[in-house]
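One structure is given here, and the rest of the page talks about it.
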Amino acid sequence: MKTRWLLLFCSIAITGIAQEVPDSVMQKIYNEIKTPYKYGLVVSPSSSTKKVDCPTVFKKDNRWYMSYIEFDGTGYETLLAESTDLLHWKTLGTLLSRSNDSTKWDAYQRAGYAVLQDYNWGRSYGLQKYKGHYWMTYIGGNTKGYEAGTLSIGIAKTKNNITTAHAWQTSDAPALTATDKDVRWWEDKKLFKSTVIWDKEKTTGYPFVMYYNANGDTSHNRDKKTRWFERIGMAVSNDMTHWKRFQTDPVMHHKIGITGDAVIQKIKDVWVMFYFGAFWEGRKDAFNRFACSYDLVHWTDWTGEDLIKPSTVYDAKYAHKSFVVKWNGVVYHFYNAVDDKENRAIAVATSVDLTPNK
């Protein structure tokens, strides 16, 4: 009998049967991360013809920094901003600029996201160096326009001070594309935002774990009337340069619409994936959600209230694409705010009311 139970245990460990995160734990996580008070816009475009998107917030010494992307009608570039209080931000300059050399795979699209951050909730939020470099993943493409043409995932790095605006070294070729031989069914059209954690315990067997969203073959969609699906999947690496896909199916998806832009943090023994949803069944908006996991692979989706959803003039259409930090007892939820006129800016909501003049 003992042998049979041992074999069953080993079988479960090998096959990776999902361990659900209990409802009670999910509720505790929600209570910890919720931010009911919208403070307002904190980063706006440099001109009325541009749009900003996708904040990534990190800390160095006594200051906060935000990498974010800006679209000018031609393509995406990646910029850096600085703050002392997480509420007031000053743009310092550009990190990833377009090359305008159409022979390059990433000539016109370079939308970057700083990675290898301390993922522990409420801790340093610093970026870690690997092999003497800081690292960034980015969406790259050589077609002009909004999310136009082939979009792939590239890797950028720098040895320089991350608190200054300077050109990061981009990759000569993408790390993942929609035409790779091992491409999965759900990602054979365009690859979008990615994030990477440095899991030194190698929970998945690898130190570097990437989560990224993509859209793919609609023949696998249950609802053939829905034209656009995005799902979140995984890739792994031993060296931050060579990547391979992890399992066949996405790890987070919904039967209709977009599931995307994962950001991973850890609250005690629970991994938390902040992500956004859009155009789900019965909805026309975009909103921020979360899921939890014990093993980085099997995720329990939160079924309660949205973390952030449209409710004000500046985010009347979409309130999505999370980056969440907890500092000095306050939770700050940065997100992309889109109004009815398609103006895009970065806003923040907080766990306590920090609105001026109150």
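Ligands are numbered from 1 in the order shown, residues from 1 within each chain, and chains are lettered A, B, ... in the order they appear in the structure tokens.
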So which residues touch range 131-144 of chain A within 6 Å, counting only C-alpha atoms, skipping near sequence neighbours fewer than 2 positions away, as a list in words?
Thr74, Gly75, Trp105, Asp106, Ala107, Tyr108, Gln109, Arg110, Ala111, Gly112, Tyr113, Ala114, Val115, Lys129, Ala148, Gly149, Thr150, Leu151, Ser152, Ile153, Gly154, Ile155, Ala156, Lys157, Thr158, Lys159 and Phe192 of chain A
So which residues touch Tyr30 in chain A within 10 Å, counting only C-alpha atoms, skipping near sequence neighbours fewer than 2 positions away, as an MDAnalysis selection string?
chainID A and resid 24:28 32:35 289:291 302 304:307
Excluding Asn62 in chain A and its own-chain neighbours fewer than 4 positions away, which residues fall within 12 Å of it when counting only C-alpha atoms? Please give them as a PyMOL selection string.
chain A and resi 58+82-86+124-126+163
Would you save the residues from that selection as an mmCIF file, in the first residue's frame, using N, CA and C atoms?
data_model
loop_
_atom_site.group_PDB
_atom_site.id
_atom_site.type_symbol
_atom_site.label_atom_id
_atom_site.label_comp_id
_atom_site.auth_asym_id
_atom_site.auth_seq_id
_atom_site.Cartn_x
_atom_site.Cartn_y
_atom_site.Cartn_z
ATOM 1 N N PHE A 58 10.321 50.630 -11.082
ATOM 2 C CA PHE A 58 11.360 50.010 -10.273
ATOM 3 C C PHE A 58 12.050 51.070 -9.422
ATOM 4 N N GLU A 82 11.304 59.573 -13.865
ATOM 5 C CA GLU A 82 11.852 59.526 -12.504
ATOM 6 C C GLU A 82 10.866 60.168 -11.528
ATOM 7 N N SER A 83 10.854 59.660 -10.275
ATOM 8 C CA SER A 83 9.964 60.200 -9.252
ATOM 9 C C SER A 83 10.582 59.997 -7.871
ATOM 10 N N THR A 84 10.211 60.857 -6.945
ATOM 11 C CA THR A 84 10.625 60.678 -5.550
ATOM 12 C C THR A 84 9.484 60.190 -4.675
ATOM 13 N N ASP A 85 8.251 60.254 -5.184
ATOM 14 C CA ASP A 85 7.100 59.923 -4.341
ATOM 15 C C ASP A 85 6.073 59.006 -5.004
ATOM 16 N N LEU A 86 6.372 58.506 -6.212
ATOM 17 C CA LEU A 86 5.481 57.628 -6.969
ATOM 18 C C LEU A 86 4.244 58.329 -7.529
ATOM 19 N N SER A 124 12.313 45.509 -2.254
ATOM 20 C CA SER A 124 13.169 46.553 -2.832
ATOM 21 C C SER A 124 12.670 47.095 -4.161
ATOM 22 N N TYR A 125 12.016 46.254 -4.966
ATOM 23 C CA TYR A 125 11.592 46.591 -6.337
ATOM 24 C C TYR A 125 12.767 46.991 -7.230
ATOM 25 N N GLY A 126 13.973 46.560 -6.843
ATOM 26 C CA GLY A 126 15.145 46.852 -7.639
ATOM 27 C C GLY A 126 15.315 45.889 -8.800
ATOM 28 N N THR A 163 19.564 54.590 -14.020
ATOM 29 C CA THR A 163 18.840 55.796 -13.619
ATOM 30 C C THR A 163 19.017 56.935 -14.618
#
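Each of A:Trp299, A:Tyr212, A:Phe229, A:Tyr76 was checked against Met252 in chain A using only C-alpha atoms; the smallest atom-to-atom distance is that of A:Trp299.
Nearest residue to His242 in chain A, choosing from A:Ala286, A:Ala175, A:Ile264, A:Val270 and counting only C-alpha atoms: A:Ala175.
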Point out the residue among A:Leu116, A:Ile308, A:Val297, A:Ile258 with the least atom-to-atom distance to Tyr332 in chain A, counting only C-alpha atoms.
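Going through A:Leu116, A:Ile308, A:Val297, A:Ile258 one by one, the smallest distance to Tyr332 in chain A is for A:Ile308.
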If you run DSSP on the backbone, which residues of range 150-247 of chain A are strand (DSSP E), as number ranges by chain?
A: 152-158, 190-198, 208-215, 231-237, 243-246
Would you tabulate, counting only C-alpha atoms, all residues of range 34-146 of chain A that have an atom at most 12 Å from an atom of range 309-327 of chain A, showing the closest pair of atoms and their distance in Å to one decimal, sorted by chain then ascending number, as a Markdown table?
| residue | atom | partner | partner_atom | distance |
| --- | --- | --- | --- | --- |
| A:Lys34 | CA | A:Val324 | CA | 9.8 |
| A:Thr35 | CA | A:Val324 | CA | 9.6 |
| A:Pro36 | CA | A:Lys309 | CA | 10.3 |
| A:Tyr37 | CA | A:Ser311 | CA | 11.1 |
| A:Lys38 | CA | A:Thr312 | CA | 8.7 |
| A:Tyr39 | CA | A:Thr312 | CA | 10.8 |
| A:Gly40 | CA | A:Tyr314 | CA | 8.0 |
| A:Leu41 | CA | A:Tyr314 | CA | 7.7 |
| A:Val42 | CA | A:Tyr314 | CA | 11.4 |
| A:Ser44 | CA | A:Tyr314 | CA | 11.0 |
| A:Val52 | CA | A:Lys321 | CA | 11.7 |
| A:Asp53 | CA | A:Lys321 | CA | 8.1 |
| A:Cys54 | CA | A:Lys321 | CA | 6.1 |
| A:Pro55 | CA | A:Phe323 | CA | 6.4 |
| A:Thr56 | CA | A:Phe323 | CA | 6.1 |
| A:Val57 | CA | A:Phe323 | CA | 6.8 |
| A:Phe58 | CA | A:Val325 | CA | 8.8 |
| A:Lys59 | CA | A:Val325 | CA | 10.3 |
| A:Trp64 | CA | A:Trp327 | CA | 10.9 |
| A:Met66 | CA | A:Phe323 | CA | 10.0 |
| A:Ser67 | CA | A:Phe323 | CA | 11.0 |
| A:Tyr68 | CA | A:Phe323 | CA | 10.9 |
| A:Asp85 | CA | A:Trp327 | CA | 9.8 |
| A:Leu86 | CA | A:Trp327 | CA | 9.3 |
| A:Tyr113 | CA | A:Phe323 | CA | 11.0 |
| A:Ala114 | CA | A:Phe323 | CA | 11.7 |
| A:Gln117 | CA | A:Val325 | CA | 11.7 |
| A:Asp118 | CA | A:Val325 | CA | 11.1 |
| A:Tyr119 | CA | A:Val325 | CA | 9.8 |
| A:Asn120 | CA | A:Val325 | CA | 9.8 |
| A:Trp121 | CA | A:Lys326 | CA | 6.7 |
| A:Gly122 | CA | A:Lys326 | CA | 4.8 |
| A:Arg123 | CA | A:Trp327 | CA | 7.9 |
| A:Ser124 | CA | A:Trp327 | CA | 9.1 |
| A:Tyr125 | CA | A:Val325 | CA | 7.9 |
| A:Gly126 | CA | A:Val325 | CA | 11.4 |
Keeping N, CA and C atoms, export the residues of the selection given above as a JSON list (two decimals), in the first residue's frame.
[["chain", "number", "residue", "atom", "x", "y", "z"],
["A", 34, "LYS", "N", -5.94, 45.55, -3.44],
["A", 34, "LYS", "CA", -6.97, 46.41, -4.02],
["A", 34, "LYS", "C", -6.62, 47.89, -3.82],
["A", 35, "THR", "N", -6.99, 48.69, -4.80],
["A", 35, "THR", "CA", -6.69, 50.13, -4.78],
["A", 35, "THR", "C", -7.94, 50.90, -5.22],
["A", 36, "PRO", "N", -8.85, 51.18, -4.32],
["A", 36, "PRO", "CA", -10.14, 51.78, -4.70],
["A", 36, "PRO", "C", -10.09, 53.28, -4.98],
["A", 37, "TYR", "N", -8.94, 53.94, -4.71],
["A", 37, "TYR", "CA", -8.89, 55.39, -4.85],
["A", 37, "TYR", "C", -8.06, 55.79, -6.08],
["A", 38, "LYS", "N", -8.71, 56.35, -7.07],
["A", 38, "LYS", "CA", -8.01, 56.80, -8.27],
["A", 38, "LYS", "C", -7.43, 58.19, -8.03],
["A", 39, "TYR", "N", -6.11, 58.27, -8.15],
["A", 39, "TYR", "CA", -5.41, 59.53, -7.92],
["A", 39, "TYR", "C", -5.46, 60.42, -9.15],
["A", 40, "GLY", "N", -5.27, 59.84, -10.35],
["A", 40, "GLY", "CA", -5.30, 60.62, -11.57],
["A", 40, "GLY", "C", -4.15, 60.27, -12.48],
["A", 41, "LEU", "N", -3.97, 61.06, -13.55],
["A", 41, "LEU", "CA", -2.90, 60.84, -14.51],
["A", 41, "LEU", "C", -1.56, 61.27, -13.92],
["A", 42, "VAL", "N", -0.50, 60.48, -14.18],
["A", 42, "VAL", "CA", 0.82, 60.81, -13.66],
["A", 42, "VAL", "C", 1.87, 60.94, -14.77],
["A", 44, "SER", "N", 1.87, 61.73, -19.02],
["A", 44, "SER", "CA", 1.10, 62.02, -20.23],
["A", 44, "SER", "C", 2.03, 62.11, -21.42],
["A", 52, "VAL", "N", 0.97, 57.25, -24.69],
["A", 52, "VAL", "CA", 1.88, 56.50, -23.83],
["A", 52, "VAL", "C", 1.16, 55.30, -23.24],
["A", 53, "ASP", "N", 1.96, 54.32, -22.80],
["A", 53, "ASP", "CA", 1.40, 53.01, -22.49],
["A", 53, "ASP", "C", 2.38, 52.22, -21.63],
["A", 54, "CYS", "N", 1.89, 51.17, -20.98],
["A", 54, "CYS", "CA", 2.67, 50.09, -20.38],
["A", 54, "CYS", "C", 3.75, 50.54, -19.39],
["A", 55, "PRO", "N", 3.38, 50.98, -18.19],
["A", 55, "PRO", "CA", 4.39, 51.37, -17.19],
["A", 55, "PRO", "C", 5.07, 50.15, -16.57],
["A", 56, "THR", "N", 6.38, 50.28, -16.33],
["A", 56, "THR", "CA", 7.14, 49.33, -15.52],
["A", 56, "THR", "C", 7.89, 50.14, -14.47],
["A", 57, "VAL", "N", 7.60, 49.91, -13.20],
["A", 57, "VAL", "CA", 8.11, 50.76, -12.13],
["A", 57, "VAL", "C", 9.16, 50.00, -11.32],
["A", 58, "PHE", "N", 10.32, 50.63, -11.08],
["A", 58, "PHE", "CA", 11.36, 50.01, -10.27],
["A", 58, "PHE", "C", 12.05, 51.07, -9.42],
["A", 59, "LYS", "N", 12.86, 50.62, -8.45],
["A", 59, "LYS", "CA", 13.49, 51.53, -7.50],
["A", 59, "LYS", "C", 15.01, 51.38, -7.56],
["A", 64, "TRP", "N", 12.43, 56.45, -7.54],
["A", 64, "TRP", "CA", 11.66, 55.52, -8.35],
["A", 64, "TRP", "C", 11.84, 55.87, -9.82],
["A", 66, "MET", "N", 10.42, 54.74, -13.94],
["A", 66, "MET", "CA", 9.38, 54.09, -14.73],
["A", 66, "MET", "C", 9.84, 54.03, -16.18],
["A", 67, "SER", "N", 9.94, 52.82, -16.71],
["A", 67, "SER", "CA", 10.07, 52.71, -18.16],
["A", 67, "SER", "C", 8.66, 52.62, -18.72],
["A", 68, "TYR", "N", 8.43, 53.29, -19.82],
["A", 68, "TYR", "CA", 7.12, 53.24, -20.45],
["A", 68, "TYR", "C", 7.31, 53.42, -21.95],
["A", 85, "ASP", "N", 8.25, 60.25, -5.18],
["A", 85, "ASP", "CA", 7.10, 59.92, -4.34],
["A", 85, "ASP", "C", 6.07, 59.01, -5.00],
["A", 86, "LEU", "N", 6.37, 58.51, -6.21],
["A", 86, "LEU", "CA", 5.48, 57.63, -6.97],
["A", 86, "LEU", "C", 4.24, 58.33, -7.53],
["A", 113, "TYR", "N", 10.25, 46.61, -21.71],
["A", 113, "TYR", "CA", 9.79, 46.37, -20.34],
["A", 113, "TYR", "C", 10.98, 45.86, -19.52],
["A", 114, "ALA", "N", 11.40, 46.63, -18.52],
["A", 114, "ALA", "CA", 12.51, 46.23, -17.67],
["A", 114, "ALA", "C", 12.16, 44.95, -16.92],
["A", 117, "GLN", "N", 13.32, 41.95, -11.99],
["A", 117, "GLN", "CA", 13.07, 42.78, -10.81],
["A", 117, "GLN", "C", 12.91, 41.91, -9.57],
["A", 118, "ASP", "N", 13.24, 42.45, -8.41],
["A", 118, "ASP", "CA", 12.91, 41.81, -7.14],
["A", 118, "ASP", "C", 11.39, 41.68, -7.10],
["A", 119, "TYR", "N", 10.88, 40.44, -7.16],
["A", 119, "TYR", "CA", 9.44, 40.23, -7.28],
["A", 119, "TYR", "C", 8.73, 40.13, -5.93],
["A", 120, "ASN", "N", 9.46, 40.24, -4.83],
["A", 120, "ASN", "CA", 8.85, 40.09, -3.51],
["A", 120, "ASN", "C", 8.04, 41.32, -3.14],
["A", 121, "TRP", "N", 6.80, 41.08, -2.81],
["A", 121, "TRP", "CA", 5.83, 42.14, -2.52],
["A", 121, "TRP", "C", 6.33, 43.04, -1.38],
["A", 122, "GLY", "N", 6.36, 44.35, -1.65],
["A", 122, "GLY", "CA", 6.71, 45.32, -0.63],
["A", 122, "GLY", "C", 8.18, 45.38, -0.31],
["A", 123, "ARG", "N", 9.04, 44.77, -1.12],
["A", 123, "ARG", "CA", 10.47, 44.75, -0.83],
["A", 123, "ARG", "C", 11.19, 45.83, -1.63],
["A", 124, "SER", "N", 12.31, 45.51, -2.25],
["A", 124, "SER", "CA", 13.17, 46.55, -2.83],
["A", 124, "SER", "C", 12.67, 47.10, -4.16],
["A", 125, "TYR", "N", 12.02, 46.25, -4.97],
["A", 125, "TYR", "CA", 11.59, 46.59, -6.34],
["A", 125, "TYR", "C", 12.77, 46.99, -7.23],
["A", 126, "GLY", "N", 13.97, 46.56, -6.84],
["A", 126, "GLY", "CA", 15.15, 46.85, -7.64],
["A", 126, "GLY", "C", 15.31, 45.89, -8.80]]
Running DSSP on the backbone, which parts of range 24-85 of chain A land in helix (DSSP H, G or I), as JSON, numbers by chain?
{"A": [24, 25, 26, 27, 28, 29, 30, 31, 32, 33]}
Would you kindly return, as a PDB file with C-alpha atoms, in the first residue's frame, each protein, DNA or RNA residue with an atom no farther than 7 Å from any atom of Phe71 in chain A, considering only C-alpha atoms and excluding same-chain residues fewer than 6 positions away?
ATOM      1  CA  LYS A  50       1.392  60.794 -29.203  1.00  0.00           C
ATOM      2  CA  LYS A  51       0.167  58.059 -26.852  1.00  0.00           C
ATOM      3  CA  VAL A  52       1.883  56.503 -23.831  1.00  0.00           C
ATOM      4  CA  GLU A  77       9.868  53.785 -28.496  1.00  0.00           C
TER       5      GLU A  77
END
I'd like the neighbourhood of Val43 in chain A as a list of chain:residue names, where a residue qualifies if any of its atoms comes within 7 Å (using only C-alpha atoms), though same-chain residues fewer than 5 positions away should be ignored.
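The filter keeps A:Trp89, A:Ala345, A:Ile346, A:Ala347.
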Would you work out the distance separating CA of Asn213 in chain A from CA of Gly277 in chain A, expressed in Å to one decimal?
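Those two atoms sit 11.6 Å apart.
For Ser293 in chain A, the set of protein, DNA and RNA residues having any atom at most 8 Å away, when counting only C-alpha atoms and skipping those fewer than 4 positions along the same chain, is Gln19, Glu20, Val21, Val270, Trp271, Val272, Val297, His298, Trp299 and Thr300 of chain A.
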How would the residues just picked look written out with N, CA and C atoms as a tab-separated table (two decimals), in the first residue's frame?
chain	number	residue	atom	x	y	z
A	19	GLN	N	-2.56	22.64	-8.34
A	19	GLN	CA	-2.97	22.86	-6.97
A	19	GLN	C	-3.72	24.19	-6.92
A	20	GLU	N	-5.01	24.12	-6.74
A	20	GLU	CA	-5.82	25.33	-6.71
A	20	GLU	C	-5.47	26.18	-5.49
A	21	VAL	N	-5.49	27.48	-5.68
A	21	VAL	CA	-5.34	28.39	-4.56
A	21	VAL	C	-6.73	28.58	-3.94
A	270	VAL	N	2.63	32.86	-2.19
A	270	VAL	CA	1.71	32.86	-3.33
A	270	VAL	C	2.24	33.76	-4.44
A	271	TRP	N	2.38	33.19	-5.64
A	271	TRP	CA	2.71	33.98	-6.82
A	271	TRP	C	1.45	34.69	-7.30
A	272	VAL	N	1.57	35.96	-7.63
A	272	VAL	CA	0.43	36.75	-8.11
A	272	VAL	C	0.73	37.25	-9.51
A	297	VAL	N	3.01	27.75	-12.83
A	297	VAL	CA	2.47	27.13	-14.04
A	297	VAL	C	0.95	27.05	-14.00
A	298	HIS	N	0.40	26.61	-12.89
A	298	HIS	CA	-1.05	26.46	-12.74
A	298	HIS	C	-1.59	27.66	-11.98
A	299	TRP	N	-2.53	28.36	-12.60
A	299	TRP	CA	-3.01	29.62	-12.05
A	299	TRP	C	-4.49	29.55	-11.72
A	300	THR	N	-4.84	30.05	-10.54
A	300	THR	CA	-6.23	30.16	-10.11
A	300	THR	C	-6.69	31.58	-10.37
One number please: CA of Val330 in chain A to CA of Ala349 in chain A, in Å, one decimal.
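According to the coordinates, CA of Val330 in chain A and CA of Ala349 in chain A are separated by 10.4 Å.
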